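Enquirer: Next up is a structure, given as structure tokens.
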Amino acid sequence: ASPAPAPRNPLPAFRIGQAAPRGAPALPRPSSPADDLARADLRMDARTHRKMSQGKLRPEARLDLHGLTLAAAQPRLQHFVLSCHASGLRLVLVITGKGRGDHGPLPVRPGALRHQVPYWLHSAPLSAVVQQVSAAHFRHGGEGAYYVYLRRFA
């Protein structure tokens, strides 16, 4: 007969309201879209990126997506970015808002636009004209907006 499996280590007793033991590993904090973009590779001139990140460059156009649904926002974003690129603009601002979390009948992540817009900008057809996406400086909307640096018009 095969030997009986070793007993599992039982979980320590825990009472409601009890503090976690010191030195216990903390749960990782979910990263924000701005954190993810900051870790992304730089695909533009470092000096221009630094000026842009410091809010020293003025966006040439802006799109405000506040209050729109994901279904309504995506075509507007595509039209805006493609028309700005066709016009020869380089730096545009896309305002998503921070998101408050609509507590409607279906669960939706708070700030759905803020999380979805970078994904759309890095997907076709926009990925062909977008060179860099980064979080906007405080004076241009901070966490609720993105700088979109477009490729040169060919």
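The chains in the structure tokens are called A, B, ... from first to last as shown; in each chain the residues are counted from 1, and the ligands are counted from 1 in the order shown.
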With only C-alpha atoms as the counted atoms, please give the residues lying no more than 9 Å from Arg90 in chain A, apart from itself and same-chain residues fewer than 3 positions off, as a ChimeraX atom specification.
Expert: /A:59-60,84-85,148-153
Enquirer: Deliver the residues from the most recent selection as a file, using N, CA and C atoms, as a PDB file, in the first residue's frame.
Expert:
ATOM      1  N   PRO A  59      -0.169  71.201 -25.882  1.00  0.00           N
ATOM      2  CA  PRO A  59      -0.834  70.342 -26.868  1.00  0.00           C
ATOM      3  C   PRO A  59      -1.466  71.183 -27.978  1.00  0.00           C
ATOM      4  N   GLU A  60      -1.374  70.670 -29.208  1.00  0.00           N
ATOM      5  CA  GLU A  60      -1.896  71.403 -30.367  1.00  0.00           C
ATOM      6  C   GLU A  60      -3.396  71.182 -30.563  1.00  0.00           C
ATOM      7  N   CYS A  84      -5.902  64.478 -36.702  1.00  0.00           N
ATOM      8  CA  CYS A  84      -4.778  65.297 -36.219  1.00  0.00           C
ATOM      9  C   CYS A  84      -3.487  64.907 -36.926  1.00  0.00           C
ATOM     10  N   HIS A  85      -3.278  63.629 -37.108  1.00  0.00           N
ATOM     11  CA  HIS A  85      -2.082  63.163 -37.817  1.00  0.00           C
ATOM     12  C   HIS A  85      -2.102  63.645 -39.266  1.00  0.00           C
ATOM     13  N   VAL A 148      -0.548  62.382 -26.331  1.00  0.00           N
ATOM     14  CA  VAL A 148      -0.355  61.453 -27.442  1.00  0.00           C
ATOM     15  C   VAL A 148       0.558  62.167 -28.430  1.00  0.00           C
ATOM     16  N   TYR A 149       1.762  61.619 -28.590  1.00  0.00           N
ATOM     17  CA  TYR A 149       2.741  62.195 -29.497  1.00  0.00           C
ATOM     18  C   TYR A 149       2.662  61.408 -30.799  1.00  0.00           C
ATOM     19  N   LEU A 150       2.336  62.114 -31.882  1.00  0.00           N
ATOM     20  CA  LEU A 150       2.094  61.456 -33.161  1.00  0.00           C
ATOM     21  C   LEU A 150       3.350  61.430 -34.026  1.00  0.00           C
ATOM     22  N   ARG A 151       3.423  60.426 -34.875  1.00  0.00           N
ATOM     23  CA  ARG A 151       4.551  60.308 -35.804  1.00  0.00           C
ATOM     24  C   ARG A 151       4.488  61.450 -36.828  1.00  0.00           C
ATOM     25  N   ARG A 152       5.630  61.730 -37.434  1.00  0.00           N
ATOM     26  CA  ARG A 152       5.667  62.742 -38.480  1.00  0.00           C
ATOM     27  C   ARG A 152       4.782  62.330 -39.638  1.00  0.00           C
ATOM     28  N   PHE A 153       4.142  63.319 -40.225  1.00  0.00           N
ATOM     29  CA  PHE A 153       3.285  63.067 -41.389  1.00  0.00           C
ATOM     30  C   PHE A 153       4.179  62.667 -42.555  1.00  0.00           C
TER      31      PHE A 153
END
Enquirer: Where does DSSP see strand (DSSP E or B) in range 69-125 of chain A, if you list the residues as a ChimeraX atom specification?
Expert: /A:91-95
Enquirer: Excluding Gln74 in chain A and any residue of its chain fewer than 4 positions from it, enumerate the residues within 8 Å of it, using only C-alpha atoms, and give them as a list in words.
Expert: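 Counting only C-alpha atoms, the residues come to Leu70, Gln78, Val117 and Trp120 of chain A.
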Enquirer: Those selected residues, please, written with N, CA, C and O atoms and delivered as a CSV table (one decimal), in the first residue's frame.
Expert:
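Result went into selection16.csv, see below:
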chain,number,residue,atom,x,y,z
A,70,LEU,N,-17.7,53.5,-23.5
A,70,LEU,CA,-16.6,53.0,-24.2
A,70,LEU,C,-17.0,52.9,-25.7
A,70,LEU,O,-16.2,53.1,-26.6
A,78,GLN,N,-10.5,57.5,-32.5
A,78,GLN,CA,-9.9,57.1,-33.7
A,78,GLN,C,-10.0,58.3,-34.7
A,78,GLN,O,-9.0,58.6,-35.4
A,117,VAL,N,-8.2,53.7,-23.0
A,117,VAL,CA,-7.6,54.6,-24.1
A,117,VAL,C,-6.2,54.2,-24.4
A,117,VAL,O,-5.9,54.1,-25.6
A,120,TRP,N,-6.3,51.3,-26.8
A,120,TRP,CA,-6.8,51.6,-28.1
A,120,TRP,C,-5.7,52.3,-28.9
A,120,TRP,O,-5.5,52.1,-30.1
Enquirer: Restricting the calculation to only C-alpha atoms, which member of A:Ala72, A:Val81, A:Arg39, A:Ala19 is positioned closest to Gln131 in chain A?
Expert: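 Between A:Ala72, A:Val81, A:Arg39, A:Ala19, the residue approaching Gln131 in chain A most closely is A:Val81.
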Enquirer: Choose the residue, out of A:Leu126, A:Val133, A:Leu68, A:Val92, that has the smallest atom-to-atom separation from Gly111 in chain A; count only C-alpha atoms.
Expert: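 Using only C-alpha atoms, Gly111 in chain A sits closest to A:Leu68.
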Enquirer: Measuring atom to atom with only C-alpha atoms, identify which of A:Arg114, A:Tyr147, A:Arg43, A:Pro75 is nearest to Ala61 in chain A.
Expert: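 Checking each candidate against Ala61 in chain A, we get A:Tyr147 as the closest.
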Enquirer: To one decimal place, how far is CA of Leu93 in chain A from CA of Tyr146 in chain A in Å?
Expert: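 For CA of Leu93 in chain A relative to CA of Tyr146 in chain A, the distance reads 5.8 Å.
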Enquirer: Can you pull out every residue within 12 Å of Ala46 in chain A, counting only C-alpha atoms, but drop anything in the same chain fewer than 6 positions away, and send it as a list in words?
Expert: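 Non-adjacent residues within range: Met52, Ser53 and Gln132 of chain A.
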Enquirer: I need the residue nearest Arg58 in chain A from this list: A:Val130, A:Leu37, A:Met44, A:Leu89. Use only C-alpha atoms for the distance.
Expert: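 Ranked by minimum distance to Arg58 in chain A, first place goes to A:Leu89.
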Enquirer: Do you have the CA of Pro118 in chain A-CA of Ala40 in chain A distance handy?
Expert: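 Atom-to-atom, CA of Pro118 in chain A and CA of Ala40 in chain A are spaced 11.6 Å apart.
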Enquirer: Near Thr69 in chain A, counting only C-alpha atoms, which residues have an atom at most 10 Å away, once you skip same-chain residues fewer than 4 positions from it, shown as number ranges by chain?
Expert: A: 65, 73-74, 112-113
Enquirer: Please return as a ChimeraX atom specification: the residues of range 35-133 of chain A that backbone DSSP assigns to alpha helix (DSSP H).
Expert: /A:35-39,46-53,70-86,112-121
Enquirer: Of the candidates A:Gln18, A:Thr96, A:Gln54, A:Ser127, which shows the shortest atom-to-atom distance to His115 in chain A, using only C-alpha atoms?
Expert: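 Ranking A:Gln18, A:Thr96, A:Gln54, A:Ser127 by distance to His115 in chain A, first place goes to A:Thr96.
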Enquirer: Using only C-alpha atoms, which residue out of A:His66, A:His79, A:Arg50, A:Lys98 lies closest to Ala38 in chain A?
Expert: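 For Ala38 in chain A, the nearest of the given residues is A:Arg50.
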Enquirer: CA of Ala86 in chain A and CA of His137 in chain A, how far apart in Å?
Expert: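 Those two atoms sit 25.4 Å apart.
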